[in-house]
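All remarks here apply to the structure that follows.
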Amino acid sequence: MQHLKPSRGPGQDGKAGPPPADAAYSDAQLLLAARLYYVDGILQTKIGRMVGVSQAKVSRMLAAARQRGLVRITVPEFEPRDAALEQQLCRRLKLKHAVVVRQIAGQSPAESRNTLGYFAGSVAAGWLAACGTIAVAGGRTLQCLADSMGRQPGPAQPTIVQAMGNVDAAPGQYDGSEIGRGLAQRWRGNFLALNTPAFVPDASVCRRLGEMREIREVFERLASADAALVGIGNLVESVFIERRVLQPRDIQSLRRAGAVGEILGRFYNDAGKQCATPYCDRVISMALDKLRKIPLVVGVVAGDDRTEAIRAALRGGLINALVIDDRAARLLLESRRLTGRR
């Protein structure tokens, strides 16, 4: 094939510089490669044999075709959020904010969490723009949301405070320590870590840790938080079971005590009140009574198995904003006896 030989522009030393990387290919060559790939679905290895280049160069040719405007990719309009459901949630549940992201049929739980986080991240970040202190819990869905929050949209450089100890001895990517540290770095703020396990062996250990100056300072800062980001767990798919902090027999004990949901490692009943169990004295996290006093508490949920837990959190005044998928939002609105926190 005949290649175009465009004139070379001057380099930094005034001499002729090298041509652009894609200048060696004519429009006709690029159109041929693009046609074979995008229209006919031919593999790049076979395209390479047809146009006389390597597979790696086929990828560069396709990129060059897009850069020259020879390939224009159009996608039918897709609105990832459901504005009508957002308005219904705010009106009926007296929420300050809500973002509802459409769930695509056939998505796995992990895919649903990632989609929710991607499309809701910038919206939730906007809610926090004026906040000076933000309490952050842990959780898989919350981690997906935080990863998509990007740069802080407001002028403030907030202090991010870990609101619950780490689930186990090796902090994972969805522990509050990792989520909070990542947010603080992206938002050029400060981070206060709660360097303890979420659950300790007994009440005496919990009490002694709480008396340490470093831990007291974290809880004092949490008490003055302007906002909080929390996940909402249930007793079916619990990260505490997944990471073997709680055993199935522990979950059975919590069920007998009336637990229907979990926030900050604290299990609560249908009225949104913490269940009276031995676990109350073993968890190191912000107390639910303190959480209720924070002006903005955003519950972050993906999946249609959390309706009862969300409903109880609303009854108990534990949250007043929601990041949620559309299926879970519909189930929540269909459920009865809802009372929202004002």
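Identifiers in the structure tokens: chain A, B, ... in order shown; residue index from 1 per chain; ligand index from 1 in order shown.
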
For range 269-315 of chain A against range 99-116 of chain A, with a cut-off of 12 Å and counting only C-alpha atoms, what is the closest atom pair and its distance in Å to one decimal for every residue that makes the cut, ordered by chain and number, as a Markdown table?
| residue | atom | partner | partner_atom | distance |
| --- | --- | --- | --- | --- |
| A:Val298 | CA | A:Val99 | CA | 10.4 |
| A:Gly299 | CA | A:Val99 | CA | 10.7 |
| A:Val300 | CA | A:Leu116 | CA | 9.4 |
| A:Val301 | CA | A:Arg113 | CA | 8.3 |
| A:Ala302 | CA | A:Arg113 | CA | 5.8 |
| A:Gly303 | CA | A:Pro109 | CA | 6.9 |
| A:Asp304 | CA | A:Pro109 | CA | 10.0 |
| A:Asp305 | CA | A:Pro109 | CA | 10.9 |

For the selection you just gave me, I'd like the residues written to a file as an mmCIF file, in the first residue's frame, keeping N, CA and C atoms.
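That gives us result-v3.cif:
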data_model
loop_
_atom_site.group_PDB
_atom_site.id
_atom_site.type_symbol
_atom_site.label_atom_id
_atom_site.label_comp_id
_atom_site.auth_asym_id
_atom_site.auth_seq_id
_atom_site.Cartn_x
_atom_site.Cartn_y
_atom_site.Cartn_z
ATOM 1 N N VAL A 298 -25.596 10.218 55.249
ATOM 2 C CA VAL A 298 -25.898 9.607 53.956
ATOM 3 C C VAL A 298 -25.767 8.095 54.075
ATOM 4 N N GLY A 299 -26.871 7.382 53.870
ATOM 5 C CA GLY A 299 -26.845 5.931 53.812
ATOM 6 C C GLY A 299 -26.558 5.485 52.389
ATOM 7 N N VAL A 300 -25.613 4.574 52.223
ATOM 8 C CA VAL A 300 -25.180 4.125 50.896
ATOM 9 C C VAL A 300 -25.517 2.642 50.766
ATOM 10 N N VAL A 301 -26.396 2.316 49.800
ATOM 11 C CA VAL A 301 -26.934 0.959 49.716
ATOM 12 C C VAL A 301 -27.040 0.507 48.267
ATOM 13 N N ALA A 302 -26.644 -0.730 48.006
ATOM 14 C CA ALA A 302 -26.886 -1.369 46.713
ATOM 15 C C ALA A 302 -27.425 -2.766 46.975
ATOM 16 N N GLY A 303 -28.490 -3.131 46.278
ATOM 17 C CA GLY A 303 -29.065 -4.463 46.455
ATOM 18 C C GLY A 303 -30.462 -4.397 47.028
ATOM 19 N N ASP A 304 -31.290 -5.352 46.617
ATOM 20 C CA ASP A 304 -32.693 -5.342 47.030
ATOM 21 C C ASP A 304 -32.950 -6.183 48.278
ATOM 22 N N ASP A 305 -31.883 -6.540 49.003
ATOM 23 C CA ASP A 305 -32.047 -7.349 50.211
ATOM 24 C C ASP A 305 -31.905 -6.515 51.481
#

**Request:** Write down as a PyMOL selection string the residues of range 92-327 of chain A whose backbone DSSP state falls under helix (DSSP H, G or I).
**Result:** chain A and resi 92-93+109-127+140-147+176-186+203-210+213-222+239-242+248-256+278-281+288-291+307-315+326-327

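When only C-alpha atoms are used to measure the gap to Arg256 in chain A, the shortest distance among A:Asn269, A:Ala309, A:Ile134, A:Val283 belongs to A:Asn269.
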
With a distance cut-off of 6 Å and only C-alpha atoms, select the neighbouring residues of Trp187 in chain A, excluding the residue or stretch itself and same-chain residues fewer than 2 positions from it, and output the selection as an mmCIF file with all heavy atoms, in the first residue's frame.
data_model
loop_
_atom_site.group_PDB
_atom_site.id
_atom_site.type_symbol
_atom_site.label_atom_id
_atom_site.label_comp_id
_atom_site.auth_asym_id
_atom_site.auth_seq_id
_atom_site.Cartn_x
_atom_site.Cartn_y
_atom_site.Cartn_z
ATOM 1 N N ARG A 151 -12.250 15.037 42.939
ATOM 2 C CA ARG A 151 -11.791 16.190 43.696
ATOM 3 C C ARG A 151 -12.932 16.816 44.477
ATOM 4 O O ARG A 151 -14.076 16.834 44.037
ATOM 5 C CB ARG A 151 -11.190 17.232 42.746
ATOM 6 C CG ARG A 151 -9.937 16.789 42.027
ATOM 7 C CD ARG A 151 -8.723 16.844 42.916
ATOM 8 N NE ARG A 151 -8.455 18.201 43.352
ATOM 9 C CZ ARG A 151 -7.742 19.076 42.662
ATOM 10 N NH1 ARG A 151 -7.245 18.743 41.486
ATOM 11 N NH2 ARG A 151 -7.518 20.288 43.138
ATOM 12 N N GLN A 152 -12.617 17.358 45.647
ATOM 13 C CA GLN A 152 -13.605 18.049 46.471
ATOM 14 C C GLN A 152 -14.154 19.244 45.702
ATOM 15 O O GLN A 152 -13.401 20.101 45.242
ATOM 16 C CB GLN A 152 -12.949 18.504 47.777
ATOM 17 C CG GLN A 152 -13.728 19.542 48.577
ATOM 18 C CD GLN A 152 -14.936 18.952 49.279
ATOM 19 O OE1 GLN A 152 -15.433 17.923 48.874
ATOM 20 N NE2 GLN A 152 -15.415 19.603 50.300
ATOM 21 N N LEU A 183 -10.096 9.541 50.521
ATOM 22 C CA LEU A 183 -10.849 10.786 50.364
ATOM 23 C C LEU A 183 -10.019 11.990 50.790
ATOM 24 O O LEU A 183 -10.011 13.026 50.120
ATOM 25 C CB LEU A 183 -12.138 10.731 51.191
ATOM 26 C CG LEU A 183 -13.347 10.040 50.569
ATOM 27 C CD1 LEU A 183 -14.512 10.039 51.552
ATOM 28 C CD2 LEU A 183 -13.757 10.712 49.269
ATOM 29 N N ALA A 184 -9.334 11.863 51.912
ATOM 30 C CA ALA A 184 -8.525 12.977 52.407
ATOM 31 C C ALA A 184 -7.429 13.344 51.408
ATOM 32 O O ALA A 184 -7.137 14.528 51.191
ATOM 33 C CB ALA A 184 -7.916 12.622 53.760
ATOM 34 N N GLN A 185 -6.829 12.358 50.777
ATOM 35 C CA GLN A 185 -5.784 12.631 49.786
ATOM 36 C C GLN A 185 -6.354 13.343 48.569
ATOM 37 O O GLN A 185 -5.785 14.330 48.084
ATOM 38 C CB GLN A 185 -5.105 11.326 49.376
ATOM 39 C CG GLN A 185 -4.223 10.726 50.464
ATOM 40 C CD GLN A 185 -3.681 9.360 50.084
ATOM 41 O OE1 GLN A 185 -4.105 8.753 49.093
ATOM 42 N NE2 GLN A 185 -2.742 8.858 50.867
ATOM 43 N N GLY A 189 -7.348 17.151 52.244
ATOM 44 C CA GLY A 189 -7.746 17.423 53.618
ATOM 45 C C GLY A 189 -6.909 16.630 54.598
ATOM 46 O O GLY A 189 -5.847 16.097 54.267
#

**Request:** Please provide the set of residues having any atom within 12 Å of Ile319 in chain A, restricted to only C-alpha atoms, with same-chain residues fewer than 6 positions apart removed, written as a ChimeraX atom specification.
**Result:** /A:93-98,227-232,263,272,288-301,309-313,339-342

Shell around Tyr268 in chain A at 10 Å using only C-alpha atoms, local window under 3 positions removed, as a tab-separated table (two decimals) with all heavy atoms, in the first residue's frame:
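Full text of out_37.tsv as output:
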chain	number	residue	atom	x	y	z
A	234	ASN	N	-27.05	-5.85	56.50
A	234	ASN	CA	-28.11	-6.71	57.03
A	234	ASN	C	-27.46	-7.95	57.63
A	234	ASN	O	-26.25	-8.02	57.78
A	234	ASN	CB	-29.12	-7.08	55.94
A	234	ASN	CG	-28.49	-7.85	54.78
A	234	ASN	OD1	-27.37	-8.34	54.87
A	234	ASN	ND2	-29.22	-7.95	53.68
A	254	LEU	N	-27.94	-12.55	67.26
A	254	LEU	CA	-28.40	-11.19	66.96
A	254	LEU	C	-29.84	-11.20	66.45
A	254	LEU	O	-30.64	-10.33	66.79
A	254	LEU	CB	-27.48	-10.53	65.93
A	254	LEU	CG	-26.10	-10.10	66.46
A	254	LEU	CD1	-25.13	-9.85	65.31
A	254	LEU	CD2	-26.25	-8.84	67.32
A	257	ALA	N	-32.21	-11.43	69.17
A	257	ALA	CA	-32.31	-10.16	69.90
A	257	ALA	C	-33.11	-9.12	69.13
A	257	ALA	O	-33.31	-8.01	69.62
A	257	ALA	CB	-30.92	-9.63	70.21
A	258	GLY	N	-33.55	-9.48	67.90
A	258	GLY	CA	-34.38	-8.58	67.12
A	258	GLY	C	-33.63	-7.74	66.11
A	258	GLY	O	-34.21	-6.82	65.51
A	259	ALA	N	-32.36	-8.02	65.87
A	259	ALA	CA	-31.57	-7.22	64.93
A	259	ALA	C	-32.06	-7.41	63.50
A	259	ALA	O	-32.32	-8.53	63.06
A	259	ALA	CB	-30.10	-7.58	65.03
A	260	VAL	N	-32.18	-6.30	62.76
A	260	VAL	CA	-32.57	-6.35	61.35
A	260	VAL	C	-31.56	-5.63	60.46
A	260	VAL	O	-31.60	-5.77	59.24
A	260	VAL	CB	-33.96	-5.73	61.13
A	260	VAL	CG1	-35.03	-6.49	61.90
A	260	VAL	CG2	-33.98	-4.25	61.48
A	261	GLY	N	-30.68	-4.83	61.06
A	261	GLY	CA	-29.73	-4.07	60.25
A	261	GLY	C	-28.50	-3.70	61.06
A	261	GLY	O	-28.44	-3.91	62.28
A	262	GLU	N	-27.51	-3.14	60.34
A	262	GLU	CA	-26.24	-2.78	60.98
A	262	GLU	C	-25.69	-1.51	60.35
A	262	GLU	O	-25.66	-1.37	59.12
A	262	GLU	CB	-25.25	-3.92	60.84
A	262	GLU	CG	-23.82	-3.60	61.27
A	262	GLU	CD	-22.97	-3.09	60.10
A	262	GLU	OE1	-23.13	-3.64	58.99
A	262	GLU	OE2	-22.18	-2.15	60.31
A	263	ILE	N	-25.29	-0.58	61.18
A	263	ILE	CA	-24.59	0.63	60.77
A	263	ILE	C	-23.44	0.83	61.74
A	263	ILE	O	-23.63	0.75	62.96
A	263	ILE	CB	-25.51	1.87	60.77
A	263	ILE	CG1	-26.53	1.78	59.62
A	263	ILE	CG2	-24.70	3.15	60.64
A	263	ILE	CD1	-27.53	2.93	59.60
A	265	GLY	N	-21.10	-1.10	62.54
A	265	GLY	CA	-20.87	-2.27	63.37
A	265	GLY	C	-21.84	-2.40	64.52
A	265	GLY	O	-21.68	-3.28	65.37
A	271	ALA	N	-37.12	-0.76	65.10
A	271	ALA	CA	-37.38	0.64	65.43
A	271	ALA	C	-36.14	1.51	65.25
A	271	ALA	O	-36.18	2.71	65.53
A	271	ALA	CB	-37.89	0.75	66.87
A	272	GLY	N	-35.04	0.92	64.80
A	272	GLY	CA	-33.82	1.69	64.63
A	272	GLY	C	-33.07	1.92	65.92
A	272	GLY	O	-32.20	2.81	65.99
A	273	LYS	N	-33.35	1.13	66.94
A	273	LYS	CA	-32.66	1.24	68.23
A	273	LYS	C	-31.64	0.11	68.35
A	273	LYS	O	-31.90	-1.02	67.92
A	273	LYS	CB	-33.65	1.14	69.39
A	273	LYS	CG	-34.82	2.12	69.30
A	273	LYS	CD	-34.37	3.56	69.40
A	273	LYS	CE	-35.57	4.51	69.38
A	273	LYS	NZ	-35.14	5.93	69.40
A	274	GLN	N	-30.51	0.41	68.96
A	274	GLN	CA	-29.47	-0.61	69.09
A	274	GLN	C	-29.96	-1.76	69.95
A	274	GLN	O	-30.54	-1.57	71.02
A	274	GLN	CB	-28.20	-0.01	69.69
A	274	GLN	CG	-27.05	-1.00	69.74
A	274	GLN	CD	-25.71	-0.32	69.95
A	274	GLN	OE1	-25.52	0.81	69.57
A	274	GLN	NE2	-24.78	-1.02	70.57
A	275	CYS	N	-29.72	-2.97	69.47
A	275	CYS	CA	-30.15	-4.17	70.20
A	275	CYS	C	-29.29	-4.36	71.45
A	275	CYS	O	-28.08	-4.14	71.43
A	275	CYS	CB	-30.02	-5.41	69.31
A	275	CYS	SG	-31.11	-5.39	67.89
A	276	ALA	N	-29.94	-4.78	72.51
A	276	ALA	CA	-29.23	-5.04	73.77
A	276	ALA	C	-28.61	-6.43	73.71
A	276	ALA	O	-29.25	-7.43	74.00
A	276	ALA	CB	-30.20	-4.93	74.94
A	288	LEU	N	-24.75	5.13	67.96
A	288	LEU	CA	-25.88	5.52	67.12
A	288	LEU	C	-26.54	6.80	67.64
A	288	LEU	O	-27.04	7.60	66.84
A	288	LEU	CB	-26.90	4.38	67.06
A	288	LEU	CG	-26.41	3.08	66.41
A	288	LEU	CD1	-27.55	2.07	66.30
A	288	LEU	CD2	-25.80	3.34	65.03
A	309	ALA	N	-33.65	-3.26	56.61
A	309	ALA	CA	-32.59	-2.53	57.32
A	309	ALA	C	-32.69	-1.03	57.05
A	309	ALA	O	-32.51	-0.21	57.97
A	309	ALA	CB	-31.22	-3.06	56.90
A	312	ALA	N	-35.80	0.42	58.91
A	312	ALA	CA	-35.56	0.58	60.34
A	312	ALA	C	-34.63	1.76	60.62
A	312	ALA	O	-34.82	2.50	61.59
A	312	ALA	CB	-34.98	-0.71	60.92
A	313	ALA	N	-33.62	1.95	59.76
A	313	ALA	CA	-32.71	3.09	59.93
A	313	ALA	C	-33.45	4.41	59.80
A	313	ALA	O	-33.19	5.37	60.53
A	313	ALA	CB	-31.58	3.01	58.92
A	316	GLY	N	-35.57	4.98	62.93
A	316	GLY	CA	-34.76	5.37	64.07
A	316	GLY	C	-34.03	6.68	63.90
A	316	GLY	O	-33.27	7.08	64.80

Find the residues around Val53 in chain A up to 12 Å (only C-alpha atoms counted), leave out those fewer than 4 positions away in its own chain, and share them as a PDB file with N, CA and C atoms, in the first residue's frame.
ATOM      1  N   MET A   1       0.832  -1.192   0.000  1.00  0.00           N
ATOM      2  CA  MET A   1       0.000   0.000   0.000  1.00  0.00           C
ATOM      3  C   MET A   1       0.869   1.246   0.000  1.00  0.00           C
ATOM      4  N   ALA A  24       1.764   8.183   9.082  1.00  0.00           N
ATOM      5  CA  ALA A  24       2.188   7.212   8.080  1.00  0.00           C
ATOM      6  C   ALA A  24       1.014   6.518   7.410  1.00  0.00           C
ATOM      7  N   TYR A  25      -0.192   6.674   7.967  1.00  0.00           N
ATOM      8  CA  TYR A  25      -1.353   5.967   7.438  1.00  0.00           C
ATOM      9  C   TYR A  25      -2.275   6.937   6.713  1.00  0.00           C
ATOM     10  N   GLN A  29      -6.481   3.819   4.454  1.00  0.00           N
ATOM     11  CA  GLN A  29      -6.013   2.707   5.286  1.00  0.00           C
ATOM     12  C   GLN A  29      -6.749   2.675   6.624  1.00  0.00           C
ATOM     13  N   LEU A  30      -6.888   3.848   7.216  1.00  0.00           N
ATOM     14  CA  LEU A  30      -7.569   3.910   8.508  1.00  0.00           C
ATOM     15  C   LEU A  30      -9.033   3.523   8.378  1.00  0.00           C
ATOM     16  N   ALA A  33      -9.278  -0.316   8.105  1.00  0.00           N
ATOM     17  CA  ALA A  33      -9.110  -0.972   9.403  1.00  0.00           C
ATOM     18  C   ALA A  33     -10.334  -0.752  10.287  1.00  0.00           C
ATOM     19  N   GLN A  44      -8.351  -8.078  15.505  1.00  0.00           N
ATOM     20  CA  GLN A  44      -7.248  -7.201  15.122  1.00  0.00           C
ATOM     21  C   GLN A  44      -6.088  -7.977  14.495  1.00  0.00           C
ATOM     22  N   THR A  45      -5.878  -9.215  14.929  1.00  0.00           N
ATOM     23  CA  THR A  45      -4.793 -10.007  14.331  1.00  0.00           C
ATOM     24  C   THR A  45      -5.049 -10.240  12.842  1.00  0.00           C
ATOM     25  N   LYS A  46      -6.297 -10.519  12.487  1.00  0.00           N
ATOM     26  CA  LYS A  46      -6.637 -10.751  11.080  1.00  0.00           C
ATOM     27  C   LYS A  46      -6.591  -9.451  10.287  1.00  0.00           C
ATOM     28  N   ILE A  47      -7.026  -8.350  10.929  1.00  0.00           N
ATOM     29  CA  ILE A  47      -6.948  -7.049  10.257  1.00  0.00           C
ATOM     30  C   ILE A  47      -5.498  -6.725   9.934  1.00  0.00           C
ATOM     31  N   GLY A  48      -4.603  -7.024  10.872  1.00  0.00           N
ATOM     32  CA  GLY A  48      -3.179  -6.770  10.648  1.00  0.00           C
ATOM     33  C   GLY A  48      -2.662  -7.472   9.416  1.00  0.00           C
ATOM     34  N   ARG A  49      -3.120  -8.706   9.196  1.00  0.00           N
ATOM     35  CA  ARG A  49      -2.677  -9.448   8.014  1.00  0.00           C
ATOM     36  C   ARG A  49      -3.239  -8.841   6.736  1.00  0.00           C
ATOM     37  N   LYS A  57      -0.089  -2.240  15.964  1.00  0.00           N
ATOM     38  CA  LYS A  57      -0.279  -1.088  15.091  1.00  0.00           C
ATOM     39  C   LYS A  57      -1.730  -0.947  14.656  1.00  0.00           C
ATOM     40  N   VAL A  58      -2.470  -2.053  14.614  1.00  0.00           N
ATOM     41  CA  VAL A  58      -3.904  -1.959  14.320  1.00  0.00           C
ATOM     42  C   VAL A  58      -4.600  -1.135  15.404  1.00  0.00           C
ATOM     43  N   SER A  59      -4.240  -1.365  16.665  1.00  0.00           N
ATOM     44  CA  SER A  59      -4.823  -0.585  17.757  1.00  0.00           C
ATOM     45  C   SER A  59      -4.526   0.895  17.580  1.00  0.00           C
ATOM     46  N   ARG A  60      -3.292   1.213  17.167  1.00  0.00           N
ATOM     47  CA  ARG A  60      -2.938   2.616  16.950  1.00  0.00           C
ATOM     48  C   ARG A  60      -3.690   3.197  15.751  1.00  0.00           C
ATOM     49  N   MET A  61      -3.913   2.379  14.733  1.00  0.00           N
ATOM     50  CA  MET A  61      -4.671   2.845  13.569  1.00  0.00           C
ATOM     51  C   MET A  61      -6.110   3.171  13.948  1.00  0.00           C
TER      52      MET A  61
END

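Between Ser177 in chain A and the residues A:Asp250, A:Ala137, A:Pro158, A:Gly210, the shortest atom-to-atom distance, using only C-alpha atoms, involves A:Ala137.
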
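Note that CA of Leu145 in chain A and CA of Pro197 in chain A are 23.1 Å apart.
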
**Message:** Residues near Asn195 in chain A, anyone? I mean within 9 Å using only C-alpha atoms, not counting same-chain ones fewer than 2 positions away, as a list of chain:residue names.
**Reply:** A:Gln162, A:Gly165, A:Asn166, A:Ser177, A:Ala193, A:Pro197, A:Glu214, A:Ile215

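You can rank A:Thr159, A:Ser285, A:Ile251, A:Ser26 by their closest distance to Glu237 in chain A using only C-alpha atoms, and at the top of that list sits A:Ile251.
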
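Comparing A:Ile324, A:Leu192, A:Ala146, A:Val205 by their smallest distance to Ile179 in chain A, the closest is A:Ala146 (using only C-alpha atoms).
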
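Among the candidates A:Ser224, A:Asn190, A:Gln173, A:Gln157, the residue lying nearest to Met286 in chain A is A:Ser224 (atoms considered: only C-alpha atoms).
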
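Closest approach to Ala203 in chain A among A:Arg255, A:Arg282, A:Arg216, A:Arg140: A:Arg282, based on only C-alpha atoms.
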